[in-house]
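Raw coords-v7.csv, CSV, C-alpha atoms:
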chain,number,residue,atom,x,y,z
R,30,MET,CA,-17.0,60.3,72.1
R,31,SER,CA,-18.0,61.6,68.6
R,32,GLN,CA,-18.0,58.1,67.2
R,33,SER,CA,-20.7,57.1,69.7
R,34,HIS,CA,-22.8,60.1,68.7
R,35,GLN,CA,-22.5,59.2,65.0
R,36,LYS,CA,-23.4,55.6,65.8
R,37,SER,CA,-26.5,56.7,67.7
R,38,TYR,CA,-27.6,58.9,64.8
R,39,SER,CA,-27.2,56.1,62.3
R,40,ASN,CA,-29.0,53.5,64.5
R,41,VAL,CA,-32.1,55.8,64.7
R,42,ARG,CA,-32.3,56.1,60.9
R,43,HIS,CA,-31.3,52.5,60.1
R,44,ARG,CA,-33.9,50.3,58.5
R,45,ASP,CA,-33.5,46.7,57.2
R,46,LEU,CA,-34.4,46.1,53.6
R,47,GLU,CA,-36.4,43.0,52.9
R,48,PHE,CA,-37.9,41.7,49.7
R,49,GLU,CA,-40.2,38.9,48.9
R,50,GLU,CA,-40.4,36.5,45.9
R,51,ASP,CA,-42.0,38.1,42.8
R,52,ASP,CA,-41.0,41.6,44.0
R,53,TRP,CA,-39.5,43.9,41.4
R,54,VAL,CA,-36.1,45.6,42.1
R,55,PHE,CA,-33.6,47.8,40.4
R,56,LEU,CA,-30.1,46.5,40.1
R,57,LYS,CA,-27.2,48.8,41.1
R,58,VAL,CA,-24.3,49.1,38.6
R,59,SER,CA,-21.0,50.9,39.0
R,60,PRO,CA,-20.1,53.5,36.4
R,61,MET,CA,-16.5,53.7,35.3
R,62,LYS,CA,-14.9,56.9,36.4
R,63,GLY,CA,-14.3,59.4,33.6
R,64,ILE,CA,-16.8,57.9,31.2
R,65,MET,CA,-20.2,59.5,30.4
R,66,GLN,CA,-23.3,57.4,31.1
R,67,PHE,CA,-26.6,58.1,29.5
R,68,GLY,CA,-25.7,61.7,28.8
R,69,LYS,CA,-24.8,62.4,32.5
R,70,LYS,CA,-21.5,62.5,34.2
R,71,TRP,CA,-20.4,61.1,37.6
R,72,LYS,CA,-22.9,62.2,40.2
R,73,LEU,CA,-25.9,62.4,37.8
R,74,SER,CA,-25.2,59.2,35.9
R,75,SER,CA,-27.5,56.2,36.3
R,76,ARG,CA,-26.8,54.1,39.3
R,77,TYR,CA,-29.7,51.6,39.0
R,78,VAL,CA,-30.9,49.9,35.8
R,79,ARG,CA,-34.2,48.4,34.7
R,80,PRO,CA,-36.4,46.4,37.0
R,81,TYR,CA,-35.7,42.7,37.6
R,82,ARG,CA,-38.0,40.1,39.3
R,83,ILE,CA,-36.8,38.4,42.5
R,84,ILE,CA,-37.0,34.6,42.0
R,85,GLN,CA,-35.8,33.4,45.4
R,86,ARG,CA,-34.5,34.6,48.7
R,87,ILE,CA,-31.2,33.0,49.7
R,88,GLY,CA,-30.1,33.5,53.3
R,89,GLN,CA,-30.7,36.6,55.3
R,90,VAL,CA,-29.4,39.3,52.8
R,91,SER,CA,-29.1,37.5,49.4
R,92,TYR,CA,-31.6,37.4,46.6
R,93,LYS,CA,-31.7,35.5,43.3
R,94,LEU,CA,-32.9,37.6,40.3
R,95,GLU,CA,-34.4,36.7,37.0
R,96,LEU,CA,-31.9,38.2,34.5
R,97,PRO,CA,-32.2,38.4,30.7
R,98,PRO,CA,-30.1,36.1,28.5
R,99,GLU,CA,-27.7,38.9,27.5
R,100,MET,CA,-26.5,39.0,31.1
R,101,SER,CA,-25.7,35.3,31.2
R,102,LEU,CA,-22.1,36.0,32.4
R,103,VAL,CA,-23.4,37.8,35.6
R,104,HIS,CA,-24.1,35.7,38.7
R,105,LEU,CA,-27.8,35.6,39.6
R,106,VAL,CA,-27.4,36.1,43.3
R,107,PHE,CA,-27.0,39.7,44.7
R,108,HIS,CA,-26.6,41.2,48.1
R,109,VAL,CA,-29.4,43.4,49.4
R,110,SER,CA,-27.2,46.5,49.1
R,111,MET,CA,-27.1,46.1,45.3
R,112,LEU,CA,-30.9,46.3,45.1
R,113,LYS,CA,-33.5,49.1,45.3
R,114,LYS,CA,-37.2,48.4,45.5
R,115,VAL,CA,-39.4,49.4,42.5
R,116,VAL,CA,-42.2,51.7,43.7
R,117,GLY,CA,-45.2,51.3,41.5
R,118,TYR,CA,-46.0,48.8,38.8
R,119,PRO,CA,-42.9,47.7,36.7
R,120,SER,CA,-44.7,47.8,33.3
R,121,PHE,CA,-45.1,51.6,33.7
R,122,ILE,CA,-41.3,52.0,33.8
R,123,ILE,CA,-39.8,53.0,30.5
R,124,PRO,CA,-36.9,50.7,29.8
R,125,VAL,CA,-33.5,52.3,29.2
R,126,GLU,CA,-31.7,51.2,26.0
R,127,THR,CA,-30.0,47.9,26.3
R,128,ILE,CA,-26.9,48.0,28.4
R,129,GLU,CA,-24.1,45.6,28.1
R,130,VAL,CA,-23.0,44.9,31.7
R,131,ASN,CA,-19.9,42.9,32.2
R,132,GLU,CA,-18.9,40.5,35.1
R,133,GLU,CA,-17.9,43.4,37.4
R,134,LEU,CA,-21.3,45.1,36.9
R,135,THR,CA,-19.7,48.0,35.0
R,136,TYR,CA,-20.6,49.3,31.6
R,137,GLU,CA,-19.2,51.7,29.1
R,138,GLU,CA,-21.0,54.1,26.8
R,139,ILE,CA,-19.5,54.8,23.4
R,140,PRO,CA,-20.0,58.3,21.8
R,141,VAL,CA,-21.5,58.4,18.3
R,142,SER,CA,-19.9,61.7,17.0
R,143,ILE,CA,-18.3,64.9,18.1
R,144,LEU,CA,-20.6,67.9,17.4
R,145,ASP,CA,-18.5,70.9,18.5
R,146,ARG,CA,-15.0,71.6,19.9
R,147,GLN,CA,-13.9,74.6,21.9
R,148,VAL,CA,-10.7,75.8,23.5
R,149,ARG,CA,-10.8,78.2,26.4
R,150,ASN,CA,-7.8,80.2,27.3
R,151,LEU,CA,-7.2,80.9,31.0
R,152,ARG,CA,-4.2,82.8,32.4
R,153,ASN,CA,-1.6,80.1,31.8
R,154,LYS,CA,-3.7,77.2,30.6
R,155,GLU,CA,-5.8,76.1,27.7
R,156,ILE,CA,-8.8,73.9,28.4
R,157,ALA,CA,-10.4,71.9,25.5
R,158,SER,CA,-14.0,70.9,25.7
R,159,MET,CA,-16.2,68.9,23.3
R,160,LYS,CA,-19.9,68.4,22.7
R,161,VAL,CA,-20.6,64.7,22.1
R,162,LEU,CA,-23.6,63.0,20.5
R,163,ARG,CA,-24.6,59.7,22.0
Structure rendered as structure tokens:
Amino acid sequence: MSQSHQKSYSNVRHRDLEFEEDDWVFLKVSPMKGIMQFGKKWKLSSRYVRPYRIIQRIGQVSYKLELPPEMSLVHLVFHVSMLKKVVGYPSFIIPVETIEVNEELTYEEIPVSILDRQVRNLRNKEIASMKVLR
């Protein structure tokens, strides 16, 4: 019974995503758990990176993107769930520093230096924390 209620709620809010050629979209990347991305951790880390132009629609839910040469190892065709429409003009978007994305669409940010260390004492534990410069 409850499954049918949930299904009816999702069907009301469901909308199909469709893009056209020459549209601009953000590409979804998967952050690696436990690693900081762009100064944010887990929930607040970047999920979508810089805008890419759609070259061609392939099938019902697949799109071919125009990727830069540094992402030559990544396949050019993506499912619609990996894309998010760019609202506005793409030249107004400030590009994020270059990201090295591997074949699994994951990336890793390397810290520059450790600015401060701190150890907090709880009842029966010590918790170490660090302030890191990126």
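Residue nearest Leu112 of chain R within the list R:Glu47, R:Arg146, R:Leu56, R:Ile83: R:Leu56 [criterion: smallest interatomic distance, all atoms listed in the file].
Of the listed residues R:His34, R:Glu137, R:Arg76, R:Val54, the one whose atoms come nearest to Leu96 of chain R is R:Val54, with distances taken using only C-alpha atoms.
For the pair atom CA of Ser158 of chain R and atom CA of Ile143 of chain R, the interatomic distance is 10.6 Å.
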Neighbour list for Tyr92 of chain R as a ChimeraX atom specification, cut-off 8 Å, all atoms listed in the file, skip fewer than 5 positions in-chain: /R:83-87,106-109
Write out, as a short mmCIF file (atom, residue, chain, number, x, y, z; two decimals), in the frame of the given file, the residues just selected, with C-alpha atoms.
data_model
loop_
_atom_site.label_atom_id
_atom_site.label_comp_id
_atom_site.auth_asym_id
_atom_site.auth_seq_id
_atom_site.Cartn_x
_atom_site.Cartn_y
_atom_site.Cartn_z
CA ILE R 83 -36.80 38.40 42.50
CA ILE R 84 -37.00 34.60 42.00
CA GLN R 85 -35.80 33.40 45.40
CA ARG R 86 -34.50 34.60 48.70
CA ILE R 87 -31.20 33.00 49.70
CA VAL R 106 -27.40 36.10 43.30
CA PHE R 107 -27.00 39.70 44.70
CA HIS R 108 -26.60 41.20 48.10
CA VAL R 109 -29.40 43.40 49.40
#
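One distance worth recording is that between atom CA of Leu162 of chain R and atom CA of Gln147 of chain R, which is 15.2 Å.
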From atom CA of Trp53 of chain R to atom CA of Ser101 of chain R the spacing works out at 19.2 Å
Looking at all atoms listed in the file, which of R:Val148, R:Tyr77, R:Leu46, R:Ser142 is the one that sits closest to Lys160 of chain R? R:Ser142
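Distances here use only C-alpha atoms; by that measure, the residue among R:Tyr38, R:Tyr136, R:Phe48, R:Phe55 closest to Arg79 of chain R is R:Phe55.
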Pick out the residues sitting within 8 Å of Leu105 of chain R, and hand them over as a VMD selection string; count all atoms listed in the file, and ignore anything fewer than 3 positions along from it in its own chain. chain R and resid 93 to 96
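Here the question is which of R:Val58, R:Val103, R:Val115, R:Leu151 gets nearest to Tyr81 of chain R using all atoms listed in the file, and that residue is R:Val115.
Among the candidates R:Arg82, R:Lys57, R:Lys113, R:Arg152, the residue lying nearest to Val130 of chain R is R:Lys57 (atoms considered: only C-alpha atoms).
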Complete the atoms of segment 149-160 of chain R to N, CA, C and O atoms and put them out as a PDB file, in the frame of the given file.
ATOM      1  N   ARG R 149     -10.751  77.005  25.570  1.00  0.00           N
ATOM      2  CA  ARG R 149     -10.800  78.200  26.400  1.00  0.00           C
ATOM      3  C   ARG R 149      -9.455  78.528  26.941  1.00  0.00           C
ATOM      4  O   ARG R 149      -8.759  77.661  27.445  1.00  0.00           O
ATOM      5  N   ASN R 150      -9.070  79.792  26.844  1.00  0.00           N
ATOM      6  CA  ASN R 150      -7.800  80.200  27.300  1.00  0.00           C
ATOM      7  C   ASN R 150      -7.926  80.866  28.705  1.00  0.00           C
ATOM      8  O   ASN R 150      -8.666  81.832  28.867  1.00  0.00           O
ATOM      9  N   LEU R 151      -7.240  80.287  29.685  1.00  0.00           N
ATOM     10  CA  LEU R 151      -7.200  80.900  31.000  1.00  0.00           C
ATOM     11  C   LEU R 151      -5.825  81.626  31.098  1.00  0.00           C
ATOM     12  O   LEU R 151      -5.118  81.761  30.103  1.00  0.00           O
ATOM     13  N   ARG R 152      -5.433  82.050  32.260  1.00  0.00           N
ATOM     14  CA  ARG R 152      -4.200  82.800  32.400  1.00  0.00           C
ATOM     15  C   ARG R 152      -2.982  82.078  31.835  1.00  0.00           C
ATOM     16  O   ARG R 152      -2.255  82.606  31.007  1.00  0.00           O
ATOM     17  N   ASN R 153      -2.757  80.866  32.294  1.00  0.00           N
ATOM     18  CA  ASN R 153      -1.600  80.100  31.800  1.00  0.00           C
ATOM     19  C   ASN R 153      -1.951  78.723  31.340  1.00  0.00           C
ATOM     20  O   ASN R 153      -1.109  77.858  31.264  1.00  0.00           O
ATOM     21  N   LYS R 154      -3.233  78.480  31.024  1.00  0.00           N
ATOM     22  CA  LYS R 154      -3.700  77.200  30.600  1.00  0.00           C
ATOM     23  C   LYS R 154      -4.671  77.279  29.457  1.00  0.00           C
ATOM     24  O   LYS R 154      -5.360  78.283  29.324  1.00  0.00           O
ATOM     25  N   GLU R 155      -4.745  76.206  28.680  1.00  0.00           N
ATOM     26  CA  GLU R 155      -5.800  76.100  27.700  1.00  0.00           C
ATOM     27  C   GLU R 155      -6.612  74.847  28.021  1.00  0.00           C
ATOM     28  O   GLU R 155      -6.060  73.772  28.261  1.00  0.00           O
ATOM     29  N   ILE R 156      -7.935  75.017  28.055  1.00  0.00           N
ATOM     30  CA  ILE R 156      -8.800  73.900  28.400  1.00  0.00           C
ATOM     31  C   ILE R 156      -9.690  73.579  27.177  1.00  0.00           C
ATOM     32  O   ILE R 156     -10.430  74.454  26.693  1.00  0.00           O
ATOM     33  N   ALA R 157      -9.561  72.356  26.698  1.00  0.00           N
ATOM     34  CA  ALA R 157     -10.400  71.900  25.500  1.00  0.00           C
ATOM     35  C   ALA R 157     -11.650  71.278  26.032  1.00  0.00           C
ATOM     36  O   ALA R 157     -11.647  70.526  27.004  1.00  0.00           O
ATOM     37  N   SER R 158     -12.754  71.574  25.338  1.00  0.00           N
ATOM     38  CA  SER R 158     -14.000  70.900  25.700  1.00  0.00           C
ATOM     39  C   SER R 158     -14.710  70.522  24.372  1.00  0.00           C
ATOM     40  O   SER R 158     -14.504  71.118  23.317  1.00  0.00           O
ATOM     41  N   MET R 159     -15.520  69.448  24.454  1.00  0.00           N
ATOM     42  CA  MET R 159     -16.200  68.900  23.300  1.00  0.00           C
ATOM     43  C   MET R 159     -17.656  68.622  23.600  1.00  0.00           C
ATOM     44  O   MET R 159     -17.982  68.242  24.717  1.00  0.00           O
ATOM     45  N   LYS R 160     -18.521  68.806  22.610  1.00  0.00           N
ATOM     46  CA  LYS R 160     -19.900  68.400  22.700  1.00  0.00           C
ATOM     47  C   LYS R 160     -20.088  67.125  21.944  1.00  0.00           C
ATOM     48  O   LYS R 160     -19.791  67.077  20.753  1.00  0.00           O
TER      49      LYS R 160
END
